[in-house]
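Working notes for the structure below.
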Amino acid sequence: MPPPPDVGRNRRAYSAVVTRLRGLAEVIGADFPVTPSGAVATALSEAAAELSDRCLARLAASGDADPALAGAFADLQETYAQLRRQELADRHLRLAQCERGLARLRGAPYTADLLDRAGAEVARSCGLQRVVLSRVEEGAWVPWIVHAGADDPWQELRGRVLVLRPRVGPEGRVVAESRAVLVQDRTGAAPGWPSGPPYVVAPIAPAGTVIGLLHGDHGPDGPACDATDRDVLSRFAQGFGHLYERTALLESMRLQQQQLRDLLAVLNATTEQLTESAIELTAALGADPVPPIAPAAAVLDDRLAALTGRERQVLELVASGARNAEIAERLVMSEGTVKVHVKHILAKLGASNRSQAIAHYLGRVASDVNRG
(Lines give C-alpha, C1' and ligand atoms only; values in the text may rest on other atoms or scores of the structure.)
Protein backbone atom coordinates (compact mmCIF):
# COMPACT_ATOMS: atom_id res chain seq x y z
CA MET A 1 0.00 0.00 0.00
CA PRO A 2 1.47 3.41 -0.91
CA PRO A 3 2.01 6.02 1.80
CA PRO A 4 -0.79 8.52 2.48
CA PRO A 5 -1.18 11.11 -0.33
CA ASP A 6 0.09 14.11 1.64
CA VAL A 7 3.20 12.28 2.82
CA GLY A 8 3.78 10.94 -0.69
CA ARG A 9 3.73 14.44 -2.14
CA ASN A 10 6.22 15.63 0.48
CA ARG A 11 8.60 12.76 -0.26
CA ARG A 12 8.49 13.49 -3.99
CA ALA A 13 9.25 17.12 -3.24
CA TYR A 14 12.38 16.05 -1.36
CA SER A 15 14.06 15.10 -4.66
CA ALA A 16 14.52 18.81 -5.35
CA VAL A 17 16.10 19.22 -1.91
CA VAL A 18 18.47 16.33 -2.63
CA THR A 19 19.58 18.07 -5.85
CA ARG A 20 20.07 21.34 -3.97
CA LEU A 21 22.12 19.71 -1.21
CA ARG A 22 24.27 17.85 -3.72
CA GLY A 23 25.08 21.15 -5.42
CA LEU A 24 25.99 22.78 -2.09
CA ALA A 25 28.15 19.76 -1.20
CA GLU A 26 30.11 20.29 -4.42
CA VAL A 27 30.61 23.99 -3.55
CA ILE A 28 32.19 23.14 -0.19
CA GLY A 29 34.04 20.13 -1.60
CA ALA A 30 32.29 17.47 0.50
CA ASP A 31 30.58 14.18 -0.25
CA PHE A 32 26.78 14.16 -0.05
CA PRO A 33 26.10 12.07 3.12
CA VAL A 34 22.64 10.69 2.21
CA THR A 35 21.71 7.84 -0.10
CA PRO A 36 18.58 8.27 -2.28
CA SER A 37 16.70 5.59 -0.27
CA GLY A 38 17.10 7.71 2.85
CA ALA A 39 15.92 10.95 1.25
CA VAL A 40 13.20 11.86 3.74
CA ALA A 41 12.91 14.91 5.98
CA THR A 42 14.83 13.49 8.94
CA ALA A 43 17.74 12.14 6.90
CA LEU A 44 17.94 15.30 4.77
CA SER A 45 17.87 17.63 7.77
CA GLU A 46 20.73 15.61 9.30
CA ALA A 47 22.61 15.87 5.99
CA ALA A 48 22.07 19.64 5.88
CA ALA A 49 23.37 19.95 9.46
CA GLU A 50 26.45 17.85 8.66
CA LEU A 51 27.20 19.88 5.52
CA SER A 52 26.77 23.10 7.52
CA ASP A 53 29.37 21.91 10.04
CA ARG A 54 31.79 21.04 7.24
CA CYS A 55 31.19 24.39 5.53
CA LEU A 56 31.78 26.26 8.80
CA ALA A 57 35.01 24.33 9.34
CA ARG A 58 36.15 25.24 5.80
CA LEU A 59 35.39 28.91 6.46
CA ALA A 60 37.34 28.84 9.71
CA ALA A 61 40.28 27.09 8.07
CA SER A 62 40.44 29.45 5.09
CA GLY A 63 41.06 32.51 7.23
CA ASP A 64 39.61 34.83 4.54
CA ALA A 65 35.95 35.28 3.86
CA ASP A 66 35.07 33.10 0.88
CA PRO A 67 31.83 34.42 -0.72
CA ALA A 68 30.99 31.03 -2.21
CA LEU A 69 31.42 29.22 1.10
CA ALA A 70 29.56 31.95 3.00
CA GLY A 71 26.67 31.75 0.54
CA ALA A 72 26.64 27.96 0.74
CA PHE A 73 26.59 28.14 4.54
CA ALA A 74 23.61 30.53 4.47
CA ASP A 75 21.78 28.29 2.00
CA LEU A 76 22.48 25.22 4.15
CA GLN A 77 21.16 26.95 7.26
CA GLU A 78 17.99 27.99 5.45
CA THR A 79 17.54 24.50 3.98
CA TYR A 80 18.02 22.90 7.40
CA ALA A 81 15.38 25.18 8.94
CA GLN A 82 12.91 24.37 6.13
CA LEU A 83 13.52 20.64 6.49
CA ARG A 84 13.02 20.76 10.24
CA ARG A 85 9.71 22.58 9.77
CA GLN A 86 8.70 20.02 7.15
CA GLU A 87 9.79 17.17 9.43
CA LEU A 88 7.57 18.48 12.25
CA ALA A 89 4.67 19.02 9.84
CA ASP A 90 5.04 15.44 8.51
CA ARG A 91 5.16 14.09 12.04
CA HIS A 92 2.00 15.98 13.02
CA LEU A 93 0.20 14.81 9.87
CA ARG A 94 1.13 11.17 10.34
CA LEU A 95 0.19 11.14 14.03
CA ALA A 96 -3.20 12.61 13.05
CA GLN A 97 -3.63 9.87 10.42
CA CYS A 98 -2.68 7.32 13.08
CA GLU A 99 -5.44 8.60 15.37
CA ARG A 100 -7.97 8.42 12.53
CA GLY A 101 -6.95 4.83 11.87
CA LEU A 102 -7.48 3.91 15.53
CA ALA A 103 -10.88 5.62 15.42
CA ARG A 104 -11.88 3.44 12.45
CA LEU A 105 -10.94 0.32 14.41
CA ARG A 106 -13.11 1.31 17.38
CA GLY A 107 -16.16 0.09 15.47
CA ALA A 108 -14.96 -3.53 15.52
CA PRO A 109 -17.45 -5.46 17.73
CA TYR A 110 -15.23 -8.50 18.33
CA THR A 111 -11.51 -9.13 18.80
CA ALA A 112 -11.47 -11.36 15.70
CA ASP A 113 -12.72 -8.42 13.59
CA LEU A 114 -10.14 -6.14 15.19
CA LEU A 115 -7.29 -8.51 14.34
CA ASP A 116 -8.53 -9.08 10.77
CA ARG A 117 -8.41 -5.35 10.08
CA ALA A 118 -5.23 -4.56 12.03
CA GLY A 119 -2.53 -5.17 9.41
CA ALA A 120 -4.14 -3.18 6.60
CA GLU A 121 -5.08 -0.36 8.98
CA VAL A 122 -1.53 -0.05 10.34
CA ALA A 123 -0.19 0.25 6.79
CA ARG A 124 -2.87 2.72 5.80
CA SER A 125 -2.75 5.04 8.80
CA CYS A 126 0.98 4.82 9.61
CA GLY A 127 2.14 5.19 6.00
CA LEU A 128 4.00 1.85 5.96
CA GLN A 129 4.29 -0.67 3.14
CA ARG A 130 4.76 -3.92 5.09
CA VAL A 131 3.39 -4.83 8.53
CA VAL A 132 3.65 -7.90 10.74
CA LEU A 133 1.53 -8.43 13.87
CA SER A 134 3.06 -11.04 16.20
CA ARG A 135 1.99 -12.79 19.39
CA VAL A 136 4.42 -12.79 22.30
CA GLU A 137 4.45 -16.09 24.16
CA GLU A 138 6.69 -17.40 26.89
CA GLY A 139 10.21 -17.29 25.54
CA ALA A 140 9.11 -16.74 21.93
CA TRP A 141 7.33 -14.45 19.51
CA VAL A 142 5.21 -15.74 16.65
CA PRO A 143 4.46 -13.67 13.48
CA TRP A 144 0.71 -14.02 13.10
CA ILE A 145 -0.77 -11.53 10.64
CA VAL A 146 1.32 -10.31 7.69
CA HIS A 147 0.33 -7.39 5.48
CA ALA A 148 2.61 -7.51 2.42
CA GLY A 149 2.64 -8.60 -1.20
CA ALA A 150 1.82 -12.22 -1.97
CA ASP A 151 5.43 -12.98 -2.97
CA ASP A 152 7.04 -10.78 -0.35
CA PRO A 153 9.68 -12.48 1.85
CA TRP A 154 7.84 -11.21 4.94
CA GLN A 155 5.00 -13.62 4.11
CA GLU A 156 7.35 -16.49 4.92
CA LEU A 157 7.50 -15.32 8.55
CA ARG A 158 3.88 -16.23 9.26
CA GLY A 159 3.56 -18.93 11.92
CA ARG A 160 7.26 -19.23 12.68
CA VAL A 161 8.24 -19.55 16.35
CA LEU A 162 11.18 -17.21 16.96
CA VAL A 163 13.23 -17.31 20.15
CA LEU A 164 12.82 -14.31 22.42
CA ARG A 165 15.69 -13.58 24.80
CA PRO A 166 15.57 -10.58 27.20
CA ARG A 167 17.44 -7.59 25.76
CA VAL A 168 18.91 -9.69 22.94
CA GLY A 169 18.05 -8.43 19.46
CA PRO A 170 15.44 -5.77 18.64
CA GLU A 171 12.48 -7.84 19.84
CA GLY A 172 14.21 -8.73 23.11
CA ARG A 173 14.86 -5.04 23.80
CA VAL A 174 11.31 -4.04 22.89
CA VAL A 175 9.79 -6.63 25.23
CA ALA A 176 12.22 -5.93 28.08
CA GLU A 177 11.93 -2.14 27.88
CA SER A 178 8.35 -1.93 26.52
CA ARG A 179 9.27 0.75 23.99
CA ALA A 180 9.56 0.95 20.21
CA VAL A 181 12.93 0.76 18.47
CA LEU A 182 14.29 1.73 15.05
CA VAL A 183 16.35 -1.17 13.68
CA GLN A 184 19.11 0.24 11.48
CA ASP A 185 21.83 -2.30 12.14
CA ARG A 186 20.38 -5.57 10.87
CA THR A 187 23.17 -7.67 12.38
CA GLY A 188 21.05 -7.94 15.52
CA ALA A 189 17.86 -8.93 13.68
CA ALA A 190 16.16 -12.24 14.48
CA PRO A 191 17.65 -15.30 12.72
CA GLY A 192 15.82 -15.83 9.45
CA TRP A 193 14.46 -12.27 9.31
CA PRO A 194 14.52 -11.20 5.62
CA SER A 195 17.19 -8.75 4.56
CA GLY A 196 16.10 -5.26 3.60
CA PRO A 197 16.08 -1.63 4.68
CA PRO A 198 15.81 -0.42 8.31
CA TYR A 199 12.49 -1.20 9.99
CA VAL A 200 10.65 -0.37 13.22
CA VAL A 201 9.30 -2.58 16.03
CA ALA A 202 6.71 -1.48 18.61
CA PRO A 203 5.24 -3.30 21.62
CA ILE A 204 1.54 -4.00 22.19
CA ALA A 205 1.18 -3.80 25.96
CA PRO A 206 -2.36 -2.86 27.06
CA ALA A 207 -1.88 -3.64 30.77
CA GLY A 208 1.86 -3.04 31.05
CA THR A 209 2.77 -6.54 29.84
CA VAL A 210 3.88 -6.98 26.23
CA ILE A 211 1.46 -9.39 24.53
CA GLY A 212 2.32 -8.61 20.92
CA LEU A 213 4.67 -6.84 18.51
CA LEU A 214 4.17 -4.67 15.45
CA HIS A 215 6.89 -4.64 12.77
CA GLY A 216 6.79 -2.26 9.83
CA ASP A 217 8.82 -0.74 7.03
CA HIS A 218 8.41 1.01 3.66
CA GLY A 219 9.09 -2.07 1.57
CA PRO A 220 12.27 -3.35 -0.07
CA ASP A 221 12.38 -0.46 -2.55
CA GLY A 222 11.04 2.26 -0.27
CA PRO A 223 12.84 4.80 1.91
CA ALA A 224 14.50 3.74 5.14
CA CYS A 225 12.40 4.02 8.29
CA ASP A 226 13.30 6.87 10.62
CA ALA A 227 12.49 8.14 14.10
CA THR A 228 9.11 9.47 12.95
CA ASP A 229 8.13 6.03 11.65
CA ARG A 230 9.14 4.58 15.01
CA ASP A 231 7.08 7.11 16.97
CA VAL A 232 4.02 6.77 14.72
CA LEU A 233 4.03 2.97 14.94
CA SER A 234 4.58 3.20 18.70
CA ARG A 235 1.51 5.42 19.05
CA PHE A 236 -0.59 3.06 16.95
CA ALA A 237 0.58 0.01 18.92
CA GLN A 238 -0.27 1.75 22.19
CA GLY A 239 -3.76 2.68 21.00
CA PHE A 240 -4.33 -0.75 19.45
CA GLY A 241 -3.43 -2.44 22.74
CA HIS A 242 -6.05 -0.42 24.60
CA LEU A 243 -8.61 -1.11 21.85
CA TYR A 244 -7.93 -4.85 22.01
CA GLU A 245 -8.28 -4.86 25.81
CA ARG A 246 -11.54 -2.87 25.64
CA THR A 247 -13.01 -5.03 22.85
CA ALA A 248 -12.08 -8.25 24.68
CA LEU A 249 -13.72 -6.93 27.87
CA LEU A 250 -16.93 -5.93 26.06
CA GLU A 251 -16.97 -9.29 24.28
CA SER A 252 -16.64 -11.09 27.62
CA MET A 253 -19.38 -8.95 29.16
CA ARG A 254 -21.75 -9.69 26.28
CA LEU A 255 -21.10 -13.40 26.69
CA GLN A 256 -21.69 -13.25 30.44
CA GLN A 257 -24.87 -11.24 29.95
CA GLN A 258 -26.20 -13.80 27.49
CA GLN A 259 -25.34 -16.64 29.86
CA LEU A 260 -27.11 -14.79 32.68
CA ARG A 261 -30.19 -14.22 30.52
CA ASP A 262 -30.27 -17.91 29.62
CA LEU A 263 -29.92 -18.87 33.29
CA LEU A 264 -32.71 -16.52 34.37
CA ALA A 265 -34.97 -17.89 31.65
CA VAL A 266 -34.38 -21.43 32.94
CA LEU A 267 -34.95 -20.34 36.55
CA ASN A 268 -38.15 -18.51 35.63
CA ALA A 269 -39.54 -21.51 33.75
CA THR A 270 -38.58 -23.85 36.60
CA THR A 271 -40.20 -21.57 39.19
CA GLU A 272 -43.41 -21.43 37.18
CA GLN A 273 -43.52 -25.21 36.95
CA LEU A 274 -42.78 -25.71 40.65
CA THR A 275 -45.38 -23.16 41.74
CA GLU A 276 -48.16 -24.62 39.59
CA SER A 277 -47.20 -28.14 40.64
CA ALA A 278 -47.42 -27.12 44.30
CA ILE A 279 -50.93 -25.75 43.74
CA GLU A 280 -52.04 -28.92 41.97
CA LEU A 281 -50.59 -31.09 44.75
CA THR A 282 -52.36 -29.08 47.44
CA ALA A 283 -55.67 -29.33 45.65
CA ALA A 284 -55.23 -33.07 45.09
CA LEU A 285 -54.51 -33.75 48.76
CA GLY A 286 -57.33 -31.54 49.91
CA ALA A 287 -55.00 -29.64 52.22
CA ASP A 288 -54.88 -25.95 52.84
CA PRO A 289 -51.79 -24.05 51.73
CA VAL A 290 -49.32 -23.27 54.48
CA PRO A 291 -50.53 -19.86 55.60
CA PRO A 292 -47.97 -17.09 55.43
CA ILE A 293 -47.88 -14.29 57.93
CA ALA A 294 -50.76 -12.23 56.63
CA PRO A 295 -50.80 -8.47 56.69
CA ALA A 296 -53.37 -6.65 58.78
CA ALA A 297 -56.94 -6.85 57.47
CA ALA A 298 -57.13 -3.15 56.70
CA VAL A 299 -53.84 -3.28 54.81
CA LEU A 300 -54.98 -6.33 52.89
CA ASP A 301 -58.28 -4.64 52.02
CA ASP A 302 -56.37 -1.72 50.56
CA ARG A 303 -54.14 -4.02 48.57
CA LEU A 304 -57.05 -6.03 47.19
CA ALA A 305 -58.84 -2.82 46.35
CA ALA A 306 -55.78 -1.77 44.28
CA LEU A 307 -56.33 -4.70 41.92
CA THR A 308 -58.00 -4.01 38.61
CA GLY A 309 -61.10 -5.96 37.66
CA ARG A 310 -59.05 -8.14 35.31
CA GLU A 311 -56.44 -8.81 37.98
CA ARG A 312 -59.15 -9.83 40.45
CA GLN A 313 -60.55 -12.29 37.89
CA VAL A 314 -57.09 -13.78 37.41
CA LEU A 315 -56.59 -14.00 41.19
CA GLU A 316 -59.88 -15.80 41.67
CA LEU A 317 -58.91 -18.40 39.06
CA VAL A 318 -55.42 -18.77 40.54
CA ALA A 319 -57.01 -19.37 43.95
CA SER A 320 -59.24 -22.05 42.41
CA GLY A 321 -56.12 -23.96 41.34
CA ALA A 322 -56.23 -23.08 37.65
CA ARG A 323 -52.94 -23.01 35.78
CA ASN A 324 -51.84 -20.19 33.49
CA ALA A 325 -52.93 -22.02 30.35
CA GLU A 326 -56.40 -22.66 31.82
CA ILE A 327 -56.73 -19.05 32.97
CA ALA A 328 -55.73 -17.83 29.50
CA GLU A 329 -58.40 -20.03 27.91
CA ARG A 330 -61.11 -18.99 30.39
CA LEU A 331 -60.40 -15.25 30.08
CA VAL A 332 -59.54 -15.32 26.34
CA MET A 333 -56.03 -13.93 26.59
CA SER A 334 -52.52 -15.15 25.93
CA GLU A 335 -50.57 -17.11 28.51
CA GLY A 336 -47.96 -14.37 28.50
CA THR A 337 -50.60 -11.81 29.48
CA VAL A 338 -51.68 -14.07 32.33
CA LYS A 339 -48.09 -14.15 33.63
CA VAL A 340 -47.93 -10.35 33.50
CA HIS A 341 -51.18 -10.11 35.50
CA VAL A 342 -49.86 -12.59 38.06
CA LYS A 343 -46.68 -10.56 38.54
CA HIS A 344 -48.73 -7.39 39.07
CA ILE A 345 -50.98 -9.19 41.56
CA LEU A 346 -48.02 -10.46 43.58
CA ALA A 347 -46.51 -6.97 43.67
CA LYS A 348 -49.74 -5.30 44.75
CA LEU A 349 -50.49 -7.86 47.46
CA GLY A 350 -46.93 -7.89 48.75
CA ALA A 351 -46.74 -11.65 48.14
CA SER A 352 -43.52 -13.41 47.16
CA ASN A 353 -45.26 -16.27 45.32
CA ARG A 354 -48.63 -17.52 44.15
CA SER A 355 -49.21 -19.53 47.34
CA GLN A 356 -48.98 -16.40 49.48
CA ALA A 357 -51.29 -14.50 47.15
CA ILE A 358 -53.84 -17.33 47.33
CA ALA A 359 -53.57 -17.41 51.12
CA HIS A 360 -54.17 -13.67 51.38
CA TYR A 361 -57.12 -13.84 49.04
CA LEU A 362 -58.78 -16.90 50.62
CA GLY A 363 -58.18 -15.53 54.11
CA ARG A 364 -59.91 -12.27 53.20
CA VAL A 365 -62.80 -14.11 51.55
CA ALA A 366 -63.25 -16.26 54.64
CA SER A 367 -63.24 -13.15 56.82
CA ASP A 368 -65.96 -11.60 54.70
CA VAL A 369 -68.08 -14.77 54.95
CA ASN A 370 -67.73 -14.84 58.75
CA ARG A 371 -68.74 -11.22 59.00
CA GLY A 372 -71.74 -11.96 56.80
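Chain identifiers are assigned as A, B, and so on, following the order in which chains appear in the C-alpha coordinates; residues are numbered from 1 within each chain, and ligands are numbered from 1 in order of appearance.
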Practice item. Considering only C-alpha atoms, return as an MDAnalysis selection string whatever protein or nucleic-acid residues lie within 12 Å of Leu346 of chain A, sequence-local ones (same chain, fewer than 4 positions apart) excluded. Key: chainID A and resid 303:304 306:307 311:312 314:315 318 339:342 350:361
At most 9 Å is the cut-off: for each residue in segment 20-131 of chain A with any atom that close to an atom of segment 135-145 of chain A, write down the nearest atom pair and the distance in Å rounded to one decimal, counting only C-alpha atoms, chain first then increasing number, as a Markdown table.
| residue | atom | partner | partner_atom | distance |
| --- | --- | --- | --- | --- |
| A:Leu115 | CA | A:Ile145 | CA | 8.1 |
| A:Asp116 | CA | A:Ile145 | CA | 8.1 |
| A:Ala118 | CA | A:Ile145 | CA | 8.4 |
| A:Gly119 | CA | A:Ile145 | CA | 6.7 |
| A:Val131 | CA | A:Ile145 | CA | 8.2 |
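Of all the residues in segment 116-215 of chain A, the ones DSSP labels as helix (DSSP H, G or I) from the backbone are Asp116, Arg117, Ala118, Gly119, Ala120, Glu121, Val122, Ala123, Arg124, Ser125, Cys126, Pro153, Trp154, Gln155, Glu156, Leu157, Gly169, Pro170, Glu171, Gly172, Arg173, Val174, Val175, Ala176, Glu177, Arg186, Thr187 and Gly188 of chain A.
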With N, CA, C and O atoms retained, export the selected residues as a short mmCIF file (atom, residue, chain, number, x, y, z; two decimals), in the first residue's frame.
data_model
loop_
_atom_site.label_atom_id
_atom_site.label_comp_id
_atom_site.auth_asym_id
_atom_site.auth_seq_id
_atom_site.Cartn_x
_atom_site.Cartn_y
_atom_site.Cartn_z
N ASP A 116 -8.44 -8.96 12.23
CA ASP A 116 -8.53 -9.08 10.77
C ASP A 116 -8.20 -7.76 10.08
O ASP A 116 -7.63 -7.74 8.99
N ARG A 117 -8.58 -6.66 10.70
CA ARG A 117 -8.41 -5.35 10.08
C ARG A 117 -7.10 -4.67 10.47
O ARG A 117 -6.73 -3.63 9.89
N ALA A 118 -6.38 -5.25 11.45
CA ALA A 118 -5.23 -4.56 12.03
C ALA A 118 -4.12 -4.30 11.02
O ALA A 118 -3.64 -3.17 10.89
N GLY A 119 -3.67 -5.33 10.30
CA GLY A 119 -2.53 -5.17 9.41
C GLY A 119 -2.73 -4.10 8.35
O GLY A 119 -1.88 -3.22 8.17
N ALA A 120 -3.86 -4.16 7.66
CA ALA A 120 -4.14 -3.18 6.60
C ALA A 120 -4.29 -1.78 7.18
O ALA A 120 -3.86 -0.80 6.57
N GLU A 121 -4.87 -1.68 8.39
CA GLU A 121 -5.08 -0.36 8.98
C GLU A 121 -3.77 0.25 9.44
O GLU A 121 -3.57 1.48 9.34
N VAL A 122 -2.85 -0.57 9.96
CA VAL A 122 -1.53 -0.05 10.34
C VAL A 122 -0.83 0.54 9.11
O VAL A 122 -0.29 1.64 9.14
N ALA A 123 -0.84 -0.23 8.01
CA ALA A 123 -0.19 0.25 6.79
C ALA A 123 -0.84 1.53 6.29
O ALA A 123 -0.14 2.48 5.90
N ARG A 124 -2.15 1.56 6.33
CA ARG A 124 -2.87 2.72 5.80
C ARG A 124 -2.63 3.97 6.64
O ARG A 124 -2.33 5.04 6.11
N SER A 125 -2.78 3.85 7.95
CA SER A 125 -2.75 5.04 8.80
C SER A 125 -1.34 5.43 9.24
O SER A 125 -1.13 6.58 9.61
N CYS A 126 -0.39 4.49 9.21
CA CYS A 126 0.98 4.82 9.61
C CYS A 126 1.89 5.08 8.40
O CYS A 126 3.06 5.40 8.58
N PRO A 153 9.00 -11.60 0.89
CA PRO A 153 9.68 -12.48 1.85
C PRO A 153 9.07 -12.43 3.25
O PRO A 153 9.17 -13.40 4.01
N TRP A 154 8.44 -11.30 3.61
CA TRP A 154 7.84 -11.21 4.94
C TRP A 154 6.70 -12.22 5.11
O TRP A 154 6.38 -12.61 6.23
N GLN A 155 6.07 -12.64 4.01
CA GLN A 155 5.00 -13.62 4.11
C GLN A 155 5.50 -14.95 4.67
O GLN A 155 4.75 -15.71 5.28
N GLU A 156 6.79 -15.24 4.44
CA GLU A 156 7.35 -16.49 4.92
C GLU A 156 7.52 -16.53 6.44
O GLU A 156 7.79 -17.58 7.02
N LEU A 157 7.35 -15.38 7.10
CA LEU A 157 7.50 -15.32 8.55
C LEU A 157 6.28 -15.87 9.28
O LEU A 157 6.38 -16.29 10.43
N GLY A 169 18.72 -8.73 20.71
CA GLY A 169 18.05 -8.43 19.46
C GLY A 169 16.98 -7.38 19.65
O GLY A 169 16.61 -7.02 20.78
N PRO A 170 16.46 -6.83 18.55
CA PRO A 170 15.44 -5.77 18.64
C PRO A 170 14.21 -6.20 19.45
O PRO A 170 13.72 -5.45 20.29
N GLU A 171 13.69 -7.40 19.16
CA GLU A 171 12.48 -7.84 19.84
C GLU A 171 12.72 -8.04 21.33
O GLU A 171 11.86 -7.70 22.15
N GLY A 172 13.88 -8.56 21.69
CA GLY A 172 14.21 -8.73 23.11
C GLY A 172 14.26 -7.40 23.83
O GLY A 172 13.81 -7.28 24.97
N ARG A 173 14.81 -6.37 23.18
CA ARG A 173 14.86 -5.04 23.80
C ARG A 173 13.47 -4.44 23.92
O ARG A 173 13.13 -3.82 24.93
N VAL A 174 12.67 -4.60 22.87
CA VAL A 174 11.31 -4.04 22.89
C VAL A 174 10.49 -4.65 24.03
O VAL A 174 9.80 -3.94 24.77
N VAL A 175 10.56 -5.97 24.18
CA VAL A 175 9.79 -6.63 25.23
C VAL A 175 10.31 -6.26 26.61
O VAL A 175 9.54 -6.00 27.54
N ALA A 176 11.64 -6.23 26.77
CA ALA A 176 12.22 -5.93 28.08
C ALA A 176 11.97 -4.49 28.51
O ALA A 176 11.70 -4.22 29.68
N GLU A 177 12.05 -3.56 27.55
CA GLU A 177 11.93 -2.14 27.88
C GLU A 177 10.55 -1.57 27.57
O GLU A 177 10.26 -0.42 27.93
N ARG A 186 21.11 -4.32 11.01
CA ARG A 186 20.38 -5.57 10.87
C ARG A 186 21.17 -6.78 11.37
O ARG A 186 20.69 -7.91 11.33
N THR A 187 22.39 -6.54 11.85
CA THR A 187 23.17 -7.67 12.38
C THR A 187 22.52 -8.26 13.63
O THR A 187 22.74 -9.42 13.95
N GLY A 188 21.71 -7.45 14.32
CA GLY A 188 21.05 -7.94 15.52
C GLY A 188 19.64 -8.44 15.28
O GLY A 188 18.92 -8.78 16.22
#
Check your understanding: In Å, how far is it from atom CA of Val338 of chain A to atom CA of Arg310 of chain A?
Key ->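 Atom CA of Arg310 of chain A lies at a distance of 9.9 Å from atom CA of Val338 of chain A.
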Practice item. Using only C-alpha atoms, determine which residues lie at most 7 Å from segment 99-111 of chain A, disregarding the query and same-chain residues fewer than 5 positions distant; provide the list as a ChimeraX atom specification. Key: /A:121,125,239-240,243-244,247-248,251
Point to revise | Counting only C-alpha atoms, the residue of A:Arg84, A:Ile28, A:Leu249, A:Pro33 that sits nearest Leu56 of chain A | key: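 The answer is A:Ile28, which sits nearest to Leu56 of chain A.
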Practice item. List the neighbours of Cys225 of chain A out to 8 Å using only C-alpha atoms; skip same-chain residues closer than 3 positions along the sequence, and give me the result as a PyMOL selection string. Key: chain A and resi 182+197-200+217-218+228-230
Go ahead and write the residues just picked, N, CA and C atoms, as a JSON list (two decimals), in the first residue's frame.
[["chain", "number", "residue", "atom", "x", "y", "z"],
["A", 182, "LEU", "N", 13.97, 1.62, 16.48],
["A", 182, "LEU", "CA", 14.29, 1.73, 15.05],
["A", 182, "LEU", "C", 15.48, 0.82, 14.79],
["A", 197, "PRO", "N", 15.75, -2.92, 4.08],
["A", 197, "PRO", "CA", 16.08, -1.63, 4.68],
["A", 197, "PRO", "C", 15.74, -1.61, 6.17],
["A", 198, "PRO", "N", 16.16, -0.56, 6.90],
["A", 198, "PRO", "CA", 15.81, -0.42, 8.31],
["A", 198, "PRO", "C", 14.30, -0.50, 8.53],
["A", 199, "TYR", "N", 13.91, -1.05, 9.66],
["A", 199, "TYR", "CA", 12.49, -1.20, 9.99],
["A", 199, "TYR", "C", 12.26, -0.79, 11.43],
["A", 200, "VAL", "N", 11.00, -0.77, 11.85],
["A", 200, "VAL", "CA", 10.65, -0.37, 13.22],
["A", 200, "VAL", "C", 9.87, -1.50, 13.89],
["A", 217, "ASP", "N", 7.84, -1.49, 7.80],
["A", 217, "ASP", "CA", 8.82, -0.74, 7.03],
["A", 217, "ASP", "C", 8.16, -0.22, 5.76],
["A", 218, "HIS", "N", 8.93, 0.42, 4.89],
["A", 218, "HIS", "CA", 8.41, 1.01, 3.66],
["A", 218, "HIS", "C", 8.64, 0.12, 2.45],
["A", 228, "THR", "N", 10.54, 9.18, 13.04],
["A", 228, "THR", "CA", 9.11, 9.47, 12.95],
["A", 228, "THR", "C", 8.31, 8.20, 12.71],
["A", 229, "ASP", "N", 8.80, 7.32, 11.86],
["A", 229, "ASP", "CA", 8.13, 6.03, 11.65],
["A", 229, "ASP", "C", 8.04, 5.25, 12.96],
["A", 230, "ARG", "N", 9.14, 5.27, 13.71],
["A", 230, "ARG", "CA", 9.14, 4.58, 15.01],
["A", 230, "ARG", "C", 8.08, 5.15, 15.95]]
Exercise for review: Using DSSP on the backbone coordinates, identify all residues within segment 135-219 of chain A classified as strand (DSSP E or B); present the result as a list in words.
Suggested key: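 DSSP-assigned strand (DSSP E or B) residues in segment 135-219 of chain A: Arg135, Val136, Glu137, Ala140, Trp141, Val142, Pro143, Trp144, Ile145, Val146, His147, Leu162, Val163, Val181, Leu182, Val183, Tyr199, Val200, Val201, Ala202, Pro203, Ile204, Gly212, Leu213, Leu214, His215, Gly216 and Asp217 of chain A.
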**Study point:** Pick from A:Gln77, A:Ser52, A:Gln313, A:Gln82 nearest to Tyr14 of chain A, counting only C-alpha atoms
**Key:** A:Gln82
Practice item. Find the distance between atom CA of Glu87 of chain A and atom CA of Pro203 of chain A and write it in Å to one decimal. Key: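 These atoms are spaced 24.3 Å apart.
Comparing the minimum interatomic distances between Gly363 of chain A and each of A:Ala319, A:Val17, A:Ser252, A:Ala81, counting only C-alpha atoms, we find that A:Ala319 sits nearest.
Restricting the calculation to only C-alpha atoms, the smallest distance between Gly212 of chain A and any of A:Thr337, A:Ser178, A:Ser134, A:Thr271 is found for A:Ser134.
Here the question is which of A:Val27, A:Asp221, A:Asp152, A:Thr42 gets nearest to Arg58 of chain A using only C-alpha atoms, and that residue is A:Val27.
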